[in-house]
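Peer 1: To start, I am sharing the structure in question, which I have written as structure tokens.
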Protein chains: 2
Amino acid sequence: MERMYLEDFAAGQVFRSPTYAVTEAEILDYAKRYDPQPFHLDAEAAKSTLFGGLAASGWHTAGITMRLIVDSDFRPAWGVIGGRMEKVEWPRPVRPGDVLTVVSEVLEVVPSRSKPTQGMLRVQCTTLNQKGEPVQVIVPNIVVPRRPA
Amino acid sequence: MERMYLEDFAAGQVFRSPTYAVTEAEILDYAKRYDPQPFHLDAEAAKSTLFGGLAASGWHTAGITMRLIVDSDFRPAWGVIGGRMEKVEWPRPVRPGDVLTVVSEVLEVVPSRSKPTQGMLRVQCTTLNQKGEPVQVIVPNIVVPRRPA
């Protein structure tokens, strides 16, 4: 797979990732370490929370999304490096057994004004469950080099 | 520790977390699973990347930040539930050996117009390293119930 430079990207391009099956064991494992709250830790206790049942931590979904993007055909030459996100939204919970995939659409290609050898991509990465429902939407700004002369 | 309701929060309140020491082993462990790129996976290979050395995945920093917030005195009654982030920024890398802490400042308390029993907090959570330098800034919108009558 060729690494891609700023000149290889254009608004409207779409990259699709492989899929990722989310198990209850992985939800619990992540939660124990990084987000130990009842709705991420305990299927029984989760029933009486706002989530109405066990759900993955949003940051866990973000990690899985990153993995899927890295494993996709979206391959900026310096790697997938986003110094900032314009937004992160989790419109619905990720449940045990969900199968996730990521659709990344290039929104804008922005050459740097101050650094002639690089630019920035605004990309919308939508993580979908097996029903095609969005579970996460992020808009990273990704640093990409220009093609060497 | 008492759970807190919308009425317990006010703009300007600051909550400080415990600290968290980030090891190289944990950086590699997270990266293998969720962000397998050279600058997060391999100290030697990382030298020739944009990071100039091994750095934690930004999503790893986000997970550690969540853990620190959950372990702090910031305790909304329904838990720390943020359906969206207005932004996520990683102004500098997290390195092996860094010791992180989170300072969370309430920016705004917003009663819901449509749901009289709840409201939303806009909070800026700044993750600092041992030098006091910000390594991550997020602004979650957190759902909080009003105090029952």
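Letters for chains follow the order of the structure tokens (A, B, ...), residue numbers begin at 1 for each chain, and ligand numbers begin at 1 in the order shown.
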Would you please extract all strand (DSSP E) residues from chain A, as assigned by DSSP on the backbone, and give them as a VMD selection string?
Peer 2: chain A and resid 14 to 21 82 to 89 99 to 111 118 to 128 134 to 145
Peer 1: Please provide as a tab-separated table (two decimals) with all heavy atoms, in the first residue's frame all residues within 7 Å of stretch 95-112 of chain B, with the sequence filter that same-chain residues fewer than 4 positions apart are discarded (counting only C-alpha atoms).
Peer 2:
```tsv
chain	number	residue	atom	x	y	z
B	9	PHE	N	-23.47	22.59	40.95
B	9	PHE	CA	-22.38	23.05	40.08
B	9	PHE	C	-22.52	24.53	39.75
B	9	PHE	O	-23.64	25.07	39.70
B	9	PHE	CB	-22.36	22.24	38.77
B	9	PHE	CG	-21.98	20.80	38.98
B	9	PHE	CD1	-22.96	19.80	39.01
B	9	PHE	CD2	-20.66	20.43	39.16
B	9	PHE	CE1	-22.62	18.47	39.20
B	9	PHE	CE2	-20.31	19.10	39.35
B	9	PHE	CZ	-21.29	18.12	39.37
B	10	ALA	N	-21.40	25.20	39.53
B	10	ALA	CA	-21.40	26.61	39.15
B	10	ALA	C	-20.17	26.89	38.29
B	10	ALA	O	-19.11	26.26	38.49
B	10	ALA	CB	-21.37	27.49	40.40
B	11	ALA	N	-20.33	27.80	37.34
B	11	ALA	CA	-19.20	28.18	36.50
B	11	ALA	C	-18.03	28.63	37.38
B	11	ALA	O	-18.23	29.32	38.37
B	11	ALA	CB	-19.61	29.29	35.54
B	12	GLY	N	-16.84	28.20	37.03
B	12	GLY	CA	-15.66	28.58	37.79
B	12	GLY	C	-15.19	27.52	38.78
B	12	GLY	O	-14.05	27.57	39.24
B	13	GLN	N	-16.07	26.57	39.12
B	13	GLN	CA	-15.62	25.48	40.01
B	13	GLN	C	-14.49	24.70	39.35
B	13	GLN	O	-14.53	24.45	38.15
B	13	GLN	CB	-16.77	24.50	40.28
B	13	GLN	CG	-17.74	24.96	41.35
B	13	GLN	CD	-18.91	23.98	41.46
B	13	GLN	OE1	-19.23	23.28	40.51
B	13	GLN	NE2	-19.54	23.98	42.62
B	14	VAL	N	-13.53	24.29	40.16
B	14	VAL	CA	-12.39	23.52	39.66
B	14	VAL	C	-12.26	22.22	40.45
B	14	VAL	O	-12.35	22.23	41.68
B	14	VAL	CB	-11.09	24.35	39.79
B	14	VAL	CG1	-9.87	23.50	39.45
B	14	VAL	CG2	-11.15	25.57	38.86
B	15	PHE	N	-12.08	21.12	39.73
B	15	PHE	CA	-11.88	19.81	40.35
B	15	PHE	C	-10.51	19.29	39.90
B	15	PHE	O	-10.21	19.31	38.71
B	15	PHE	CB	-12.98	18.84	39.90
B	15	PHE	CG	-14.36	19.27	40.30
B	15	PHE	CD1	-15.10	20.13	39.48
B	15	PHE	CD2	-14.93	18.84	41.49
B	15	PHE	CE1	-16.38	20.55	39.86
B	15	PHE	CE2	-16.20	19.24	41.87
B	15	PHE	CZ	-16.93	20.11	41.05
B	16	ARG	N	-9.73	18.81	40.88
B	16	ARG	CA	-8.41	18.26	40.55
B	16	ARG	C	-8.41	16.76	40.74
B	16	ARG	O	-9.03	16.25	41.67
B	16	ARG	CB	-7.33	18.93	41.42
B	16	ARG	CG	-7.08	20.37	41.00
B	16	ARG	CD	-5.94	21.03	41.77
B	16	ARG	NE	-5.60	22.32	41.12
B	16	ARG	CZ	-6.33	23.42	41.23
B	16	ARG	NH1	-7.43	23.43	41.97
B	16	ARG	NH2	-5.97	24.54	40.59
B	17	SER	N	-7.71	16.06	39.87
B	17	SER	CA	-7.67	14.59	39.93
B	17	SER	C	-6.44	14.13	40.68
B	17	SER	O	-5.52	14.93	40.95
B	17	SER	CB	-7.65	14.03	38.51
B	17	SER	OG	-6.33	14.06	38.01
B	18	PRO	N	-6.36	12.83	40.99
B	18	PRO	CA	-5.08	12.24	41.41
B	18	PRO	C	-4.08	12.28	40.24
B	18	PRO	O	-4.36	12.89	39.20
B	18	PRO	CB	-5.44	10.79	41.75
B	18	PRO	CG	-6.93	10.70	41.76
B	18	PRO	CD	-7.45	11.85	40.94
B	19	THR	N	-2.94	11.62	40.40
B	19	THR	CA	-1.94	11.56	39.32
B	19	THR	C	-1.86	10.13	38.76
B	19	THR	O	-2.33	9.17	39.38
B	19	THR	CB	-0.54	11.97	39.83
B	19	THR	OG1	-0.16	11.09	40.88
B	19	THR	CG2	-0.55	13.40	40.34
B	20	TYR	N	-1.27	10.03	37.57
B	20	TYR	CA	-1.18	8.73	36.87
B	20	TYR	C	0.17	8.70	36.15
B	20	TYR	O	0.45	9.56	35.31
B	20	TYR	CB	-2.31	8.66	35.86
B	20	TYR	CG	-2.55	7.31	35.20
B	20	TYR	CD1	-3.69	6.57	35.50
B	20	TYR	CD2	-1.67	6.79	34.26
B	20	TYR	CE1	-3.96	5.35	34.91
B	20	TYR	CE2	-1.91	5.56	33.65
B	20	TYR	CZ	-3.06	4.85	33.98
B	20	TYR	OH	-3.32	3.64	33.37
B	21	ALA	N	0.99	7.73	36.50
B	21	ALA	CA	2.32	7.59	35.89
B	21	ALA	C	2.19	6.70	34.64
B	21	ALA	O	1.69	5.58	34.70
B	21	ALA	CB	3.30	6.97	36.87
B	22	VAL	N	2.64	7.22	33.51
B	22	VAL	CA	2.51	6.52	32.23
B	22	VAL	C	3.81	5.78	31.93
B	22	VAL	O	4.86	6.40	31.80
B	22	VAL	CB	2.21	7.52	31.09
B	22	VAL	CG1	1.98	6.77	29.79
B	22	VAL	CG2	1.01	8.39	31.43
B	23	THR	N	3.73	4.47	31.84
B	23	THR	CA	4.93	3.67	31.57
B	23	THR	C	5.06	3.36	30.08
B	23	THR	O	4.08	3.37	29.34
B	23	THR	CB	4.88	2.32	32.32
B	23	THR	OG1	3.77	1.57	31.81
B	23	THR	CG2	4.71	2.53	33.81
B	24	GLU	N	6.29	3.05	29.66
B	24	GLU	CA	6.50	2.64	28.28
B	24	GLU	C	5.71	1.36	27.98
B	24	GLU	O	5.11	1.24	26.91
B	24	GLU	CB	7.99	2.39	28.02
B	24	GLU	CG	8.26	1.89	26.61
B	24	GLU	CD	9.72	1.96	26.19
B	24	GLU	OE1	10.44	2.87	26.65
B	24	GLU	OE2	10.14	1.13	25.37
B	54	LEU	N	9.19	7.85	21.07
B	54	LEU	CA	7.95	7.17	21.45
B	54	LEU	C	6.98	8.13	22.15
B	54	LEU	O	7.38	8.90	23.03
B	54	LEU	CB	8.28	5.99	22.39
B	54	LEU	CG	7.14	5.00	22.60
B	54	LEU	CD1	6.86	4.18	21.34
B	54	LEU	CD2	7.46	4.05	23.77
B	55	ALA	N	5.72	8.07	21.75
B	55	ALA	CA	4.67	8.91	22.35
B	55	ALA	C	3.42	8.07	22.51
B	55	ALA	O	3.16	7.16	21.73
B	55	ALA	CB	4.39	10.11	21.45
B	56	ALA	N	2.63	8.38	23.52
B	56	ALA	CA	1.36	7.68	23.72
B	56	ALA	C	0.36	8.10	22.64
B	56	ALA	O	0.35	9.26	22.21
B	56	ALA	CB	0.78	8.00	25.09
B	65	THR	N	-7.10	10.10	30.96
B	65	THR	CA	-7.80	11.29	31.46
B	65	THR	C	-9.17	10.91	32.03
B	65	THR	O	-9.56	11.37	33.10
B	65	THR	CB	-7.97	12.31	30.32
B	65	THR	OG1	-6.67	12.71	29.88
B	65	THR	CG2	-8.77	13.52	30.76
B	68	LEU	N	-8.76	9.36	35.37
B	68	LEU	CA	-8.44	10.35	36.39
B	68	LEU	C	-9.68	11.16	36.79
B	68	LEU	O	-9.86	11.49	37.97
B	68	LEU	CB	-7.32	11.27	35.90
B	68	LEU	CG	-5.93	10.63	35.89
B	68	LEU	CD1	-4.93	11.54	35.18
B	68	LEU	CD2	-5.46	10.33	37.31
B	69	ILE	N	-10.54	11.47	35.84
B	69	ILE	CA	-11.77	12.22	36.16
B	69	ILE	C	-12.69	11.36	37.02
B	69	ILE	O	-13.25	11.83	38.01
B	69	ILE	CB	-12.47	12.68	34.86
B	69	ILE	CG1	-11.60	13.71	34.12
B	69	ILE	CG2	-13.84	13.28	35.18
B	69	ILE	CD1	-12.08	14.05	32.72
B	116	PRO	N	-37.23	18.97	32.12
B	116	PRO	CA	-37.15	19.76	33.35
B	116	PRO	C	-36.37	19.07	34.47
B	116	PRO	O	-36.01	19.73	35.46
B	116	PRO	CB	-38.62	19.93	33.77
B	116	PRO	CG	-39.38	18.90	33.02
B	116	PRO	CD	-38.60	18.58	31.78
B	118	GLN	N	-33.34	17.62	34.15
B	118	GLN	CA	-31.91	17.50	33.91
B	118	GLN	C	-31.32	18.76	33.28
B	118	GLN	O	-32.04	19.71	32.95
B	118	GLN	CB	-31.61	16.28	33.04
B	118	GLN	CG	-32.08	16.39	31.61
B	118	GLN	CD	-31.83	15.10	30.84
B	118	GLN	OE1	-32.38	14.05	31.16
B	118	GLN	NE2	-31.02	15.17	29.80
B	119	GLY	N	-30.02	18.74	33.14
B	119	GLY	CA	-29.32	19.85	32.51
B	119	GLY	C	-27.98	19.36	31.99
B	119	GLY	O	-27.74	18.14	31.91
B	120	MET	N	-27.12	20.29	31.64
B	120	MET	CA	-25.85	19.93	31.00
B	120	MET	C	-24.76	20.84	31.56
B	120	MET	O	-25.00	22.02	31.82
B	120	MET	CB	-26.02	20.13	29.49
B	120	MET	CG	-24.85	19.69	28.64
B	120	MET	SD	-23.74	21.06	28.27
B	120	MET	CE	-24.69	21.95	27.00
B	121	LEU	N	-23.59	20.25	31.75
B	121	LEU	CA	-22.42	21.03	32.14
B	121	LEU	C	-21.46	21.11	30.97
B	121	LEU	O	-21.16	20.08	30.35
B	121	LEU	CB	-21.66	20.37	33.29
B	121	LEU	CG	-22.39	20.09	34.59
B	121	LEU	CD1	-21.44	19.38	35.56
B	121	LEU	CD2	-22.91	21.38	35.20
B	122	ARG	N	-20.96	22.31	30.68
B	122	ARG	CA	-19.81	22.44	29.79
B	122	ARG	C	-18.58	22.53	30.70
B	122	ARG	O	-18.51	23.42	31.56
B	122	ARG	CB	-19.92	23.68	28.92
B	122	ARG	CG	-21.07	23.63	27.93
B	122	ARG	CD	-21.13	24.90	27.07
B	122	ARG	NE	-19.89	25.08	26.32
B	122	ARG	CZ	-19.08	26.13	26.41
B	122	ARG	NH1	-19.39	27.13	27.22
B	122	ARG	NH2	-17.98	26.22	25.70
B	123	VAL	N	-17.66	21.58	30.52
B	123	VAL	CA	-16.50	21.49	31.40
B	123	VAL	C	-15.24	21.46	30.54
B	123	VAL	O	-15.21	20.77	29.52
B	123	VAL	CB	-16.56	20.21	32.27
B	123	VAL	CG1	-15.40	20.16	33.26
B	123	VAL	CG2	-17.89	20.11	33.01
B	124	GLN	N	-14.22	22.21	30.94
B	124	GLN	CA	-12.94	22.09	30.25
B	124	GLN	C	-12.00	21.26	31.11
B	124	GLN	O	-11.70	21.63	32.24
B	124	GLN	CB	-12.32	23.47	29.99
B	124	GLN	CG	-10.95	23.36	29.33
B	124	GLN	CD	-10.50	24.65	28.70
B	124	GLN	OE1	-11.13	25.17	27.78
B	124	GLN	NE2	-9.42	25.21	29.20
B	125	CYS	N	-11.59	20.11	30.56
B	125	CYS	CA	-10.71	19.19	31.29
B	125	CYS	C	-9.33	19.27	30.65
B	125	CYS	O	-9.14	18.86	29.50
B	125	CYS	CB	-11.24	17.76	31.22
B	125	CYS	SG	-12.94	17.59	31.79
B	126	THR	N	-8.37	19.79	31.39
B	126	THR	CA	-7.00	19.95	30.89
B	126	THR	C	-6.11	18.92	31.57
B	126	THR	O	-6.03	18.87	32.79
B	126	THR	CB	-6.47	21.37	31.19
B	126	THR	OG1	-7.40	22.32	30.66
B	126	THR	CG2	-5.10	21.59	30.57
B	127	THR	N	-5.47	18.09	30.75
B	127	THR	CA	-4.55	17.08	31.27
B	127	THR	C	-3.14	17.66	31.22
B	127	THR	O	-2.70	18.14	30.16
B	127	THR	CB	-4.64	15.81	30.41
B	127	THR	OG1	-6.02	15.45	30.27
B	127	THR	CG2	-3.86	14.67	31.04
B	128	LEU	N	-2.48	17.67	32.37
B	128	LEU	CA	-1.15	18.28	32.49
B	128	LEU	C	-0.11	17.21	32.74
B	128	LEU	O	-0.38	16.22	33.43
B	128	LEU	CB	-1.14	19.25	33.66
B	128	LEU	CG	-2.19	20.36	33.62
B	128	LEU	CD1	-2.31	21.03	35.00
B	128	LEU	CD2	-1.83	21.40	32.56
B	129	ASN	N	1.11	17.42	32.23
B	129	ASN	CA	2.22	16.53	32.60
B	129	ASN	C	2.91	17.05	33.87
B	129	ASN	O	2.47	18.05	34.46
B	129	ASN	CB	3.18	16.33	31.41
B	129	ASN	CG	3.89	17.62	31.01
B	129	ASN	OD1	3.96	18.58	31.79
B	129	ASN	ND2	4.41	17.64	29.79
B	130	GLN	N	3.98	16.38	34.28
B	130	GLN	CA	4.65	16.71	35.54
B	130	GLN	C	5.31	18.09	35.50
B	130	GLN	O	5.65	18.64	36.55
B	130	GLN	CB	5.67	15.62	35.91
B	130	GLN	CG	6.87	15.48	34.99
B	130	GLN	CD	6.56	14.73	33.68
B	130	GLN	OE1	5.41	14.34	33.43
B	130	GLN	NE2	7.58	14.54	32.86
```
Peer 1: As a list in words, could you give me every residue of chain B near chain A (at most 8 Å apart, counting only C-alpha atoms)?
Peer 2: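 Those within range of chain A come out as Arg33, Tyr34, Asp35, Pro36, Gln37, Thr49, Leu50, Trp59, His60, Ala62, Gly63, Ile64, Met66, Arg67, Val70, Trp78, Gly79, Gly83, Arg84, Met85, Glu86, Lys87, Val88, Glu89, Trp90 and Pro91 of chain B.
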Peer 1: Have a look at B:Ala149, B:Gly52, B:Val144, B:Lys47 and name the one nearest to B:Ala77; count only C-alpha atoms.
Peer 2: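 Distance minimum relative to B:Ala77 lands on B:Val144.
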Peer 1: List every residue of chain B that DSSP, applied to the backbone of this structure, places in helix (DSSP H, G or I), and write the result as a PyMOL selection string.
Peer 2: chain B and resi 6-8+24-34+38-41+43-46+58-70
Peer 1: Could you jot down the atom CA of B:Pro148 to atom CA of A:Ala46 separation for me, Å, one decimal place?
Peer 2: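 Atom CA of A:Ala46 lies 20.9 Å from atom CA of B:Pro148.
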